[in-house]
$ cat coords-v8.cif   # mmCIF, N, CA and C atoms
data_final
loop_
_atom_site.label_atom_id
_atom_site.label_comp_id
_atom_site.auth_asym_id
_atom_site.auth_seq_id
_atom_site.Cartn_x
_atom_site.Cartn_y
_atom_site.Cartn_z
N MET A 1 72.04 160.72 83.89
CA MET A 1 73.32 160.78 84.55
C MET A 1 73.81 162.22 84.49
N THR A 2 74.35 162.69 85.59
CA THR A 2 74.89 164.05 85.66
C THR A 2 76.40 163.97 85.77
N PHE A 3 77.09 164.86 85.04
CA PHE A 3 78.54 164.88 85.12
C PHE A 3 79.05 166.30 84.96
N PRO A 4 80.20 166.60 85.61
CA PRO A 4 80.79 167.92 85.43
C PRO A 4 81.34 168.05 84.01
N LEU A 5 81.08 169.16 83.37
CA LEU A 5 81.56 169.36 82.00
C LEU A 5 83.08 169.24 81.90
N SER A 6 83.78 169.66 82.94
CA SER A 6 85.25 169.62 82.91
C SER A 6 85.81 168.26 83.31
N GLU A 7 84.96 167.35 83.79
CA GLU A 7 85.43 166.05 84.28
C GLU A 7 84.36 164.98 84.05
N PRO A 8 84.07 164.64 82.81
CA PRO A 8 82.95 163.75 82.50
C PRO A 8 83.06 162.35 83.10
N ALA A 9 84.26 161.89 83.41
CA ALA A 9 84.43 160.55 83.99
C ALA A 9 83.90 160.47 85.42
N ARG A 10 83.58 161.60 86.03
CA ARG A 10 83.11 161.63 87.41
C ARG A 10 81.59 161.70 87.50
N GLY A 11 80.89 161.32 86.46
CA GLY A 11 79.44 161.38 86.45
C GLY A 11 78.80 160.35 87.35
N SER A 12 77.55 160.60 87.71
CA SER A 12 76.80 159.66 88.54
C SER A 12 75.31 159.78 88.26
N ALA A 13 74.62 158.65 88.43
CA ALA A 13 73.16 158.63 88.33
C ALA A 13 72.53 158.56 89.71
N VAL A 14 73.34 158.53 90.76
CA VAL A 14 72.82 158.55 92.12
C VAL A 14 72.41 159.98 92.45
N ALA A 15 71.16 160.17 92.85
CA ALA A 15 70.60 161.52 93.02
C ALA A 15 71.45 162.41 93.93
N ALA A 16 71.87 161.90 95.08
CA ALA A 16 72.63 162.72 96.03
C ALA A 16 73.97 163.14 95.44
N ILE A 17 74.63 162.25 94.72
CA ILE A 17 75.91 162.58 94.10
C ILE A 17 75.70 163.53 92.94
N ALA A 18 74.67 163.29 92.14
CA ALA A 18 74.35 164.18 91.02
C ALA A 18 74.06 165.59 91.52
N ASP A 19 73.33 165.71 92.62
CA ASP A 19 73.04 167.03 93.19
C ASP A 19 74.32 167.73 93.63
N GLN A 20 75.24 166.96 94.22
CA GLN A 20 76.52 167.52 94.66
C GLN A 20 77.33 168.01 93.45
N ILE A 21 77.34 167.24 92.37
CA ILE A 21 78.05 167.64 91.15
C ILE A 21 77.49 168.94 90.62
N LYS A 22 76.16 169.08 90.62
CA LYS A 22 75.52 170.30 90.12
C LYS A 22 75.93 171.52 90.94
N LEU A 23 76.14 171.33 92.24
CA LEU A 23 76.55 172.44 93.10
C LEU A 23 78.01 172.82 92.89
N GLU A 24 78.85 171.83 92.59
CA GLU A 24 80.29 172.05 92.47
C GLU A 24 80.71 172.72 91.17
N ALA A 25 80.05 172.38 90.08
CA ALA A 25 80.57 172.80 88.77
C ALA A 25 79.45 172.90 87.76
N ARG A 26 79.81 173.44 86.59
CA ARG A 26 78.87 173.40 85.47
C ARG A 26 78.68 171.94 85.11
N ALA A 27 77.45 171.52 85.04
CA ALA A 27 77.15 170.11 84.85
C ALA A 27 76.27 169.89 83.63
N ALA A 28 76.36 168.69 83.11
CA ALA A 28 75.52 168.28 82.01
C ALA A 28 74.72 167.05 82.44
N LEU A 29 73.62 166.86 81.79
CA LEU A 29 72.74 165.72 82.09
C LEU A 29 72.58 164.92 80.80
N CYS A 30 72.71 163.61 80.91
CA CYS A 30 72.46 162.77 79.74
C CYS A 30 71.68 161.54 80.18
N GLU A 31 70.87 161.04 79.27
CA GLU A 31 70.07 159.85 79.54
C GLU A 31 70.88 158.63 79.13
N ILE A 32 70.89 157.62 79.99
CA ILE A 32 71.63 156.40 79.70
C ILE A 32 70.72 155.19 79.88
N GLU A 33 70.98 154.15 79.13
CA GLU A 33 70.26 152.90 79.31
C GLU A 33 70.99 152.08 80.36
N VAL A 34 70.24 151.51 81.27
CA VAL A 34 70.83 150.70 82.33
C VAL A 34 70.22 149.31 82.26
N ASN A 35 71.07 148.30 82.33
CA ASN A 35 70.61 146.93 82.36
C ASN A 35 71.45 146.18 83.39
N THR A 36 70.93 145.11 83.91
CA THR A 36 71.69 144.30 84.86
C THR A 36 72.68 143.42 84.11
N LEU A 37 73.75 143.03 84.80
CA LEU A 37 74.68 142.09 84.19
C LEU A 37 73.98 140.76 83.92
N ASP A 38 73.16 140.32 84.86
CA ASP A 38 72.42 139.07 84.64
C ASP A 38 71.57 139.15 83.37
N GLY A 39 70.92 140.28 83.15
CA GLY A 39 70.10 140.47 81.96
C GLY A 39 70.95 140.48 80.69
N GLU A 40 72.08 141.16 80.75
CA GLU A 40 72.97 141.22 79.58
C GLU A 40 73.60 139.87 79.29
N MET A 41 73.91 139.10 80.32
CA MET A 41 74.49 137.76 80.12
C MET A 41 73.53 136.93 79.27
N THR A 42 72.26 137.02 79.57
CA THR A 42 71.25 136.27 78.83
C THR A 42 70.99 136.87 77.45
N ARG A 43 70.77 138.17 77.41
CA ARG A 43 70.40 138.86 76.18
C ARG A 43 71.49 138.84 75.13
N SER A 44 72.73 139.01 75.56
CA SER A 44 73.83 139.15 74.60
C SER A 44 74.76 137.95 74.54
N SER A 45 74.43 136.90 75.25
CA SER A 45 75.28 135.69 75.28
C SER A 45 76.72 136.04 75.61
N LEU A 46 76.91 136.84 76.65
CA LEU A 46 78.26 137.23 77.06
C LEU A 46 79.02 136.04 77.63
N PRO A 47 80.34 136.05 77.52
CA PRO A 47 81.12 134.97 78.14
C PRO A 47 81.06 135.08 79.66
N ILE A 48 81.29 133.98 80.32
CA ILE A 48 81.29 133.96 81.79
C ILE A 48 82.45 134.83 82.29
N PRO A 49 82.17 135.79 83.17
CA PRO A 49 83.26 136.63 83.69
C PRO A 49 84.04 135.91 84.79
N HIS A 50 85.35 136.10 84.78
CA HIS A 50 86.21 135.56 85.83
C HIS A 50 86.64 136.66 86.80
N PHE A 51 86.58 137.90 86.32
CA PHE A 51 86.98 139.06 87.12
C PHE A 51 86.12 140.23 86.68
N ILE A 52 85.59 140.98 87.66
CA ILE A 52 84.77 142.16 87.37
C ILE A 52 85.34 143.34 88.15
N LYS A 53 85.66 144.42 87.44
CA LYS A 53 86.11 145.65 88.07
C LYS A 53 84.95 146.64 88.03
N MET A 54 84.59 147.15 89.20
CA MET A 54 83.45 148.06 89.30
C MET A 54 83.89 149.44 89.77
N ASP A 55 83.50 150.45 89.03
CA ASP A 55 83.65 151.85 89.42
C ASP A 55 82.38 152.53 88.94
N VAL A 56 81.32 152.42 89.73
CA VAL A 56 79.99 152.84 89.29
C VAL A 56 79.43 154.01 90.11
N GLU A 57 80.36 154.77 90.72
CA GLU A 57 80.02 156.06 91.33
C GLU A 57 78.81 156.03 92.26
N GLY A 58 78.83 155.15 93.24
CA GLY A 58 77.78 155.12 94.25
C GLY A 58 76.68 154.11 94.01
N MET A 59 76.70 153.44 92.86
CA MET A 59 75.65 152.47 92.55
C MET A 59 76.13 151.03 92.76
N GLU A 60 77.13 150.84 93.62
CA GLU A 60 77.74 149.53 93.82
C GLU A 60 76.73 148.48 94.27
N TYR A 61 75.92 148.80 95.26
CA TYR A 61 74.97 147.82 95.78
C TYR A 61 73.95 147.42 94.71
N GLY A 62 73.41 148.38 94.02
CA GLY A 62 72.44 148.08 92.97
C GLY A 62 73.05 147.27 91.84
N ALA A 63 74.29 147.60 91.47
CA ALA A 63 74.96 146.85 90.42
C ALA A 63 75.19 145.41 90.85
N LEU A 64 75.60 145.21 92.10
CA LEU A 64 75.81 143.85 92.61
C LEU A 64 74.51 143.06 92.64
N LYS A 65 73.42 143.71 93.05
CA LYS A 65 72.13 143.02 93.05
C LYS A 65 71.76 142.59 91.63
N GLY A 66 72.15 143.39 90.64
CA GLY A 66 71.85 143.07 89.25
C GLY A 66 72.74 141.99 88.66
N MET A 67 73.71 141.54 89.42
CA MET A 67 74.55 140.43 88.96
C MET A 67 74.50 139.26 89.94
N TYR A 68 73.43 139.19 90.72
CA TYR A 68 73.28 138.16 91.74
C TYR A 68 73.45 136.75 91.16
N GLN A 69 72.75 136.45 90.08
CA GLN A 69 72.82 135.10 89.49
C GLN A 69 74.23 134.80 88.98
N THR A 70 74.86 135.80 88.37
CA THR A 70 76.23 135.63 87.87
C THR A 70 77.19 135.37 89.02
N LEU A 71 77.06 136.13 90.09
CA LEU A 71 77.93 135.95 91.26
C LEU A 71 77.72 134.58 91.89
N ARG A 72 76.48 134.19 92.01
CA ARG A 72 76.14 132.91 92.64
C ARG A 72 76.61 131.72 91.80
N ALA A 73 76.42 131.80 90.51
CA ALA A 73 76.74 130.66 89.64
C ALA A 73 78.21 130.58 89.25
N HIS A 74 78.86 131.74 89.01
CA HIS A 74 80.20 131.72 88.42
C HIS A 74 81.31 132.20 89.34
N ARG A 75 80.97 132.85 90.44
CA ARG A 75 81.92 133.24 91.49
C ARG A 75 83.11 134.07 91.00
N PRO A 76 82.88 135.08 90.14
CA PRO A 76 84.02 135.87 89.66
C PRO A 76 84.66 136.66 90.81
N ARG A 77 85.95 136.93 90.68
CA ARG A 77 86.62 137.84 91.62
C ARG A 77 86.16 139.26 91.28
N LEU A 78 86.18 140.14 92.29
CA LEU A 78 85.68 141.50 92.11
C LEU A 78 86.68 142.52 92.65
N SER A 79 86.77 143.64 91.97
CA SER A 79 87.46 144.82 92.49
C SER A 79 86.41 145.93 92.46
N ILE A 80 86.10 146.46 93.63
CA ILE A 80 85.00 147.42 93.74
C ILE A 80 85.51 148.72 94.35
N GLU A 81 85.35 149.83 93.63
CA GLU A 81 85.66 151.14 94.19
C GLU A 81 84.41 151.65 94.89
N ILE A 82 84.56 152.05 96.15
CA ILE A 82 83.43 152.49 96.96
C ILE A 82 83.23 154.00 96.84
N HIS A 83 81.98 154.40 96.60
CA HIS A 83 81.65 155.82 96.49
C HIS A 83 80.41 156.13 97.33
N GLY A 84 80.16 157.40 97.53
CA GLY A 84 78.97 157.90 98.21
C GLY A 84 79.00 159.41 98.16
N ALA A 85 77.85 160.03 98.36
CA ALA A 85 77.76 161.48 98.27
C ALA A 85 78.50 162.17 99.41
N ASN A 86 78.55 161.52 100.57
CA ASN A 86 79.23 162.07 101.74
C ASN A 86 79.69 160.90 102.61
N MET A 87 80.32 161.18 103.71
CA MET A 87 80.87 160.14 104.57
C MET A 87 79.79 159.16 105.05
N GLU A 88 78.68 159.67 105.48
CA GLU A 88 77.59 158.82 105.97
C GLU A 88 77.09 157.88 104.87
N ASP A 89 76.95 158.42 103.68
CA ASP A 89 76.48 157.64 102.54
C ASP A 89 77.50 156.56 102.14
N LYS A 90 78.78 156.90 102.16
CA LYS A 90 79.83 155.93 101.84
C LYS A 90 79.82 154.77 102.83
N ILE A 91 79.68 155.10 104.11
CA ILE A 91 79.67 154.05 105.14
C ILE A 91 78.45 153.15 104.97
N ALA A 92 77.29 153.74 104.75
CA ALA A 92 76.08 152.94 104.54
C ALA A 92 76.24 152.07 103.29
N ASN A 93 76.82 152.62 102.25
CA ASN A 93 77.02 151.90 101.00
C ASN A 93 77.94 150.70 101.20
N VAL A 94 79.08 150.91 101.84
CA VAL A 94 80.02 149.80 102.02
C VAL A 94 79.43 148.73 102.93
N ARG A 95 78.63 149.11 103.91
CA ARG A 95 77.98 148.11 104.77
C ARG A 95 77.01 147.24 103.97
N ARG A 96 76.23 147.86 103.07
CA ARG A 96 75.30 147.08 102.22
C ARG A 96 76.07 146.14 101.31
N VAL A 97 77.13 146.65 100.69
CA VAL A 97 77.94 145.86 99.77
C VAL A 97 78.55 144.66 100.49
N VAL A 98 79.15 144.90 101.64
CA VAL A 98 79.82 143.82 102.38
C VAL A 98 78.81 142.78 102.84
N ALA A 99 77.68 143.20 103.38
CA ALA A 99 76.66 142.25 103.84
C ALA A 99 76.15 141.41 102.67
N PHE A 100 75.91 142.03 101.54
CA PHE A 100 75.43 141.32 100.36
C PHE A 100 76.43 140.26 99.91
N LEU A 101 77.69 140.65 99.82
CA LEU A 101 78.71 139.71 99.36
C LEU A 101 78.99 138.61 100.38
N GLU A 102 78.91 138.94 101.65
CA GLU A 102 79.07 137.89 102.68
C GLU A 102 77.99 136.82 102.52
N GLU A 103 76.76 137.25 102.27
CA GLU A 103 75.66 136.30 102.09
C GLU A 103 75.92 135.37 100.91
N LEU A 104 76.68 135.85 99.93
CA LEU A 104 77.02 135.03 98.77
C LEU A 104 78.30 134.21 98.98
N GLY A 105 78.89 134.33 100.17
CA GLY A 105 80.08 133.54 100.47
C GLY A 105 81.38 134.14 99.96
N TYR A 106 81.43 135.46 99.84
CA TYR A 106 82.66 136.13 99.42
C TYR A 106 83.49 136.57 100.62
N ARG A 107 84.81 136.52 100.45
CA ARG A 107 85.77 137.12 101.40
C ARG A 107 86.22 138.43 100.80
N MET A 108 86.42 139.44 101.65
CA MET A 108 86.79 140.76 101.16
C MET A 108 88.03 141.30 101.85
N ARG A 109 88.79 142.06 101.11
CA ARG A 109 89.98 142.71 101.64
C ARG A 109 90.00 144.15 101.12
N HIS A 110 90.30 145.08 102.02
CA HIS A 110 90.45 146.48 101.64
C HIS A 110 91.81 146.61 100.97
N ILE A 111 91.84 146.99 99.71
CA ILE A 111 93.09 146.98 98.95
C ILE A 111 94.13 147.92 99.55
N GLU A 112 93.73 149.11 99.93
CA GLU A 112 94.70 150.10 100.41
C GLU A 112 95.36 149.71 101.74
N SER A 113 94.61 149.07 102.63
CA SER A 113 95.18 148.73 103.94
C SER A 113 95.50 147.24 104.09
N ALA A 114 95.04 146.41 103.16
CA ALA A 114 95.19 144.94 103.20
C ALA A 114 94.40 144.32 104.35
N GLU A 115 93.51 145.10 104.98
CA GLU A 115 92.71 144.59 106.09
C GLU A 115 91.58 143.70 105.57
N SER A 116 91.36 142.60 106.24
CA SER A 116 90.23 141.73 105.93
C SER A 116 88.96 142.46 106.36
N ILE A 117 87.95 142.46 105.50
CA ILE A 117 86.71 143.20 105.77
C ILE A 117 85.55 142.23 105.92
N THR A 118 84.77 142.46 106.97
CA THR A 118 83.56 141.69 107.25
C THR A 118 82.46 142.67 107.63
N SER A 119 81.27 142.15 107.89
CA SER A 119 80.19 143.02 108.35
C SER A 119 80.55 143.73 109.66
N GLY A 120 81.39 143.10 110.45
CA GLY A 120 81.77 143.68 111.73
C GLY A 120 82.68 144.89 111.63
N ASN A 121 83.40 145.04 110.52
CA ASN A 121 84.30 146.20 110.38
C ASN A 121 84.17 146.86 109.01
N ALA A 122 83.04 146.70 108.35
CA ALA A 122 82.85 147.19 106.99
C ALA A 122 83.18 148.67 106.84
N GLU A 123 82.90 149.45 107.87
CA GLU A 123 83.13 150.89 107.77
C GLU A 123 84.61 151.23 107.57
N HIS A 124 85.52 150.30 107.84
CA HIS A 124 86.95 150.54 107.62
C HIS A 124 87.27 150.66 106.13
N ALA A 125 86.36 150.21 105.29
CA ALA A 125 86.58 150.23 103.85
C ALA A 125 85.71 151.27 103.15
N PHE A 126 85.31 152.33 103.88
CA PHE A 126 84.41 153.32 103.28
C PHE A 126 85.07 154.11 102.16
N GLU A 127 86.40 154.14 102.13
CA GLU A 127 87.12 154.79 101.04
C GLU A 127 88.07 153.78 100.42
N GLY A 128 88.20 153.86 99.15
CA GLY A 128 89.15 152.98 98.48
C GLY A 128 88.46 151.86 97.74
N HIS A 129 89.11 150.72 97.76
CA HIS A 129 88.69 149.59 96.94
C HIS A 129 88.61 148.31 97.74
N LEU A 130 87.66 147.47 97.36
CA LEU A 130 87.54 146.12 97.95
C LEU A 130 87.96 145.11 96.90
N TYR A 131 88.75 144.14 97.32
CA TYR A 131 89.05 142.98 96.49
C TYR A 131 88.23 141.84 97.09
N CYS A 132 87.45 141.16 96.27
CA CYS A 132 86.52 140.15 96.76
C CYS A 132 86.73 138.85 96.01
N GLU A 133 86.75 137.76 96.79
CA GLU A 133 86.94 136.43 96.23
C GLU A 133 85.98 135.48 96.90
N ALA A 134 85.42 134.57 96.14
CA ALA A 134 84.52 133.59 96.70
C ALA A 134 85.30 132.67 97.64
N ALA A 135 84.74 132.40 98.81
CA ALA A 135 85.38 131.48 99.75
C ALA A 135 85.37 130.09 99.15
N ALA A 136 86.39 129.34 99.45
CA ALA A 136 86.51 127.98 98.88
C ALA A 136 85.43 127.06 99.39
#
$ encode --input "coords-v8.cif" --output "structure tokens"
Amino acid sequence: MTFPLSEPARGSAVAAIADQIKLEARAALCEIEVNTLDGEMTRSSLPIPHFIKMDVEGMEYGALKGMYQTLRAHRPRLSIEIHGANMEDKIANVRRVVAFLEELGYRMRHIESAESITSGNAEHAFEGHLYCEAAA
């Protein structure tokens, strides 16, 4: 994971974002262990989540794929901050996220605009946050 020395909370393991951080500021690199939520639920006997807040700096789609079984079985509500290295990457990212969650039967709303988000207008949520709830 790469992060700016002056702003460590803005780190990312996404190559394009990490490269951008290196260009912007003095950066540090650290190795992190990554596991899926589904794997941790089994390995650590975690309680069933009812709400998940995600701010994973561009890794939203991968993180969601890693919690597929949890999302399918337990239907937690989600708050997802959307990131990407640039505008094109953010739009592609939010389209993947929305399509994935739609397939799981989730309804989405862009928090900042209160607009309902679907695959047909996913790009409207390229910045900001998605609130996601399983359809009844």
$ closest_residue --input "coords-v8.cif" --among "A:Glu60, A:Lys22, A:Ile52, A:Ser44" --to "Asn93 (chain A)" --atoms "all atoms listed in the file"
A:Glu60
$ select_by_dssp --input "coords-v8.cif" --residues "region 36-123 of chain A" --states "strand (DSSP E)" --output "PyMOL selection string"
chain A and resi 51-54+77-82+106-110+116-117
$ atom_distance --input "coords-v8.cif" --atom1 "atom C of Glu7 (chain A)" --atom2 "atom C of Pro76 (chain A)"
29.1 Å
$ residues_around --input "coords-v8.cif" --residues "Phe51 (chain A)" --least-positions-apart "2" --cutoff "6 Å" --atoms "only N, CA and C atoms" --output "VMD selection string"
chain A and resid 49 53 76 to 78
$ resolve_selection --input "coords-v8.cif" --expression "the PyMOL selection byres (((chain A and resi 127-132 and name CA) around 10) and name CA)" --output "PyMOL selection string"
chain A and resi 51-55+75-84+87+90-91+94+97-98+101-102+105-117+123-126+133-135
$ closest_residue --input "coords-v8.cif" --among "A:Ala25, A:Ile48, A:Ala99, A:Ala73" --to "Ser119 (chain A)" --atoms "only N, CA and C atoms"
A:Ala99
$ atom_distance --input "coords-v8.cif" --atom1 "atom C of Ala27 (chain A)" --atom2 "CA of Asn86 (chain A)"
19.9 Å
$ residues_near_point --input "coords-v8.cif" --point "(71.8, 155.7, 80.6)" --cutoff "12 Å" --atoms "only C-alpha atoms" --output "ChimeraX atom specification"
/A:1-2,11-14,29-35
$ atom_distance --input "coords-v8.cif" --atom1 "atom C of Glu103 (chain A)" --atom2 "atom C of Ala16 (chain A)"
28.4 Å
$ select_by_dssp --input "coords-v8.cif" --residues "chain A" --states "alpha helix (DSSP H)" --output "PyMOL selection string"
chain A and resi 15-24+37-44+60-65+68-74+87-103
$ write_last_selection --input "coords-v8.cif" --atoms "N, CA and C atoms" --output "compact mmCIF listing (two decimals), in the frame of the given file"
# COMPACT_ATOMS: atom_id res chain seq x y z
N ALA A 15 71.16 160.17 92.85
CA ALA A 15 70.60 161.52 93.02
C ALA A 15 71.45 162.41 93.93
N ALA A 16 71.87 161.90 95.08
CA ALA A 16 72.63 162.72 96.03
C ALA A 16 73.97 163.14 95.44
N ILE A 17 74.63 162.25 94.72
CA ILE A 17 75.91 162.58 94.10
C ILE A 17 75.70 163.53 92.94
N ALA A 18 74.67 163.29 92.14
CA ALA A 18 74.35 164.18 91.02
C ALA A 18 74.06 165.59 91.52
N ASP A 19 73.33 165.71 92.62
CA ASP A 19 73.04 167.03 93.19
C ASP A 19 74.32 167.73 93.63
N GLN A 20 75.24 166.96 94.22
CA GLN A 20 76.52 167.52 94.66
C GLN A 20 77.33 168.01 93.45
N ILE A 21 77.34 167.24 92.37
CA ILE A 21 78.05 167.64 91.15
C ILE A 21 77.49 168.94 90.62
N LYS A 22 76.16 169.08 90.62
CA LYS A 22 75.52 170.30 90.12
C LYS A 22 75.93 171.52 90.94
N LEU A 23 76.14 171.33 92.24
CA LEU A 23 76.55 172.44 93.10
C LEU A 23 78.01 172.82 92.89
N GLU A 24 78.85 171.83 92.59
CA GLU A 24 80.29 172.05 92.47
C GLU A 24 80.71 172.72 91.17
N LEU A 37 73.75 143.03 84.80
CA LEU A 37 74.68 142.09 84.19
C LEU A 37 73.98 140.76 83.92
N ASP A 38 73.16 140.32 84.86
CA ASP A 38 72.42 139.07 84.64
C ASP A 38 71.57 139.15 83.37
N GLY A 39 70.92 140.28 83.15
CA GLY A 39 70.10 140.47 81.96
C GLY A 39 70.95 140.48 80.69
N GLU A 40 72.08 141.16 80.75
CA GLU A 40 72.97 141.22 79.58
C GLU A 40 73.60 139.87 79.29
N MET A 41 73.91 139.10 80.32
CA MET A 41 74.49 137.76 80.12
C MET A 41 73.53 136.93 79.27
N THR A 42 72.26 137.02 79.57
CA THR A 42 71.25 136.27 78.83
C THR A 42 70.99 136.87 77.45
N ARG A 43 70.77 138.17 77.41
CA ARG A 43 70.40 138.86 76.18
C ARG A 43 71.49 138.84 75.13
N SER A 44 72.73 139.01 75.56
CA SER A 44 73.83 139.15 74.60
C SER A 44 74.76 137.95 74.54
N GLU A 60 77.13 150.84 93.62
CA GLU A 60 77.74 149.53 93.82
C GLU A 60 76.73 148.48 94.27
N TYR A 61 75.92 148.80 95.26
CA TYR A 61 74.97 147.82 95.78
C TYR A 61 73.95 147.42 94.71
N GLY A 62 73.41 148.38 94.02
CA GLY A 62 72.44 148.08 92.97
C GLY A 62 73.05 147.27 91.84
N ALA A 63 74.29 147.60 91.47
CA ALA A 63 74.96 146.85 90.42
C ALA A 63 75.19 145.41 90.85
N LEU A 64 75.60 145.21 92.10
CA LEU A 64 75.81 143.85 92.61
C LEU A 64 74.51 143.06 92.64
N LYS A 65 73.42 143.71 93.05
CA LYS A 65 72.13 143.02 93.05
C LYS A 65 71.76 142.59 91.63
N TYR A 68 73.43 139.19 90.72
CA TYR A 68 73.28 138.16 91.74
C TYR A 68 73.45 136.75 91.16
N GLN A 69 72.75 136.45 90.08
CA GLN A 69 72.82 135.10 89.49
C GLN A 69 74.23 134.80 88.98
N THR A 70 74.86 135.80 88.37
CA THR A 70 76.23 135.63 87.87
C THR A 70 77.19 135.37 89.02
N LEU A 71 77.06 136.13 90.09
CA LEU A 71 77.93 135.95 91.26
C LEU A 71 77.72 134.58 91.89
N ARG A 72 76.48 134.19 92.01
CA ARG A 72 76.14 132.91 92.64
C ARG A 72 76.61 131.72 91.80
N ALA A 73 76.42 131.80 90.51
CA ALA A 73 76.74 130.66 89.64
C ALA A 73 78.21 130.58 89.25
N HIS A 74 78.86 131.74 89.01
CA HIS A 74 80.20 131.72 88.42
C HIS A 74 81.31 132.20 89.34
N MET A 87 80.32 161.18 103.71
CA MET A 87 80.87 160.14 104.57
C MET A 87 79.79 159.16 105.05
N GLU A 88 78.68 159.67 105.48
CA GLU A 88 77.59 158.82 105.97
C GLU A 88 77.09 157.88 104.87
N ASP A 89 76.95 158.42 103.68
CA ASP A 89 76.48 157.64 102.54
C ASP A 89 77.50 156.56 102.14
N LYS A 90 78.78 156.90 102.16
CA LYS A 90 79.83 155.93 101.84
C LYS A 90 79.82 154.77 102.83
N ILE A 91 79.68 155.10 104.11
CA ILE A 91 79.67 154.05 105.14
C ILE A 91 78.45 153.15 104.97
N ALA A 92 77.29 153.74 104.75
CA ALA A 92 76.08 152.94 104.54
C ALA A 92 76.24 152.07 103.29
N ASN A 93 76.82 152.62 102.25
CA ASN A 93 77.02 151.90 101.00
C ASN A 93 77.94 150.70 101.20
N VAL A 94 79.08 150.91 101.84
CA VAL A 94 80.02 149.80 102.02
C VAL A 94 79.43 148.73 102.93
N ARG A 95 78.63 149.11 103.91
CA ARG A 95 77.98 148.11 104.77
C ARG A 95 77.01 147.24 103.97
N ARG A 96 76.23 147.86 103.07
CA ARG A 96 75.30 147.08 102.22
C ARG A 96 76.07 146.14 101.31
N VAL A 97 77.13 146.65 100.69
CA VAL A 97 77.94 145.86 99.77
C VAL A 97 78.55 144.66 100.49
N VAL A 98 79.15 144.90 101.64
CA VAL A 98 79.82 143.82 102.38
C VAL A 98 78.81 142.78 102.84
N ALA A 99 77.68 143.20 103.38
CA ALA A 99 76.66 142.25 103.84
C ALA A 99 76.15 141.41 102.67
N PHE A 100 75.91 142.03 101.54
CA PHE A 100 75.43 141.32 100.36
C PHE A 100 76.43 140.26 99.91
N LEU A 101 77.69 140.65 99.82
CA LEU A 101 78.71 139.71 99.36
C LEU A 101 78.99 138.61 100.38
N GLU A 102 78.91 138.94 101.65
CA GLU A 102 79.07 137.89 102.68
C GLU A 102 77.99 136.82 102.52
N GLU A 103 76.76 137.25 102.27
CA GLU A 103 75.66 136.30 102.09
C GLU A 103 75.92 135.37 100.91
$ axis_aligned_box --input "coords-v8.cif" --around "region 10-18 of chain A" --padding-each-side "5 Å" --output "JSON"
{"center_x": 77.1, "center_y": 162.1, "center_z": 91.0, "size_x": 23.0, "size_y": 17.1, "size_z": 20.0}
$ resolve_selection --input "coords-v8.cif" --expression "the PyMOL selection byres (((chain A and resi 37 and name CA) around 12) and name CA)" --output "list in words"
Val34, Asn35, Thr36, Asp38, Gly39, Glu40, Met41, Thr42, Arg43, Ser44, Ser45, Leu46, Pro47, Ile48, Pro49, Ile52, Met54, Gly62, Ala63, Leu64, Lys65, Gly66, Met67, Tyr68, Gln69, Thr70 and Leu71 of chain A
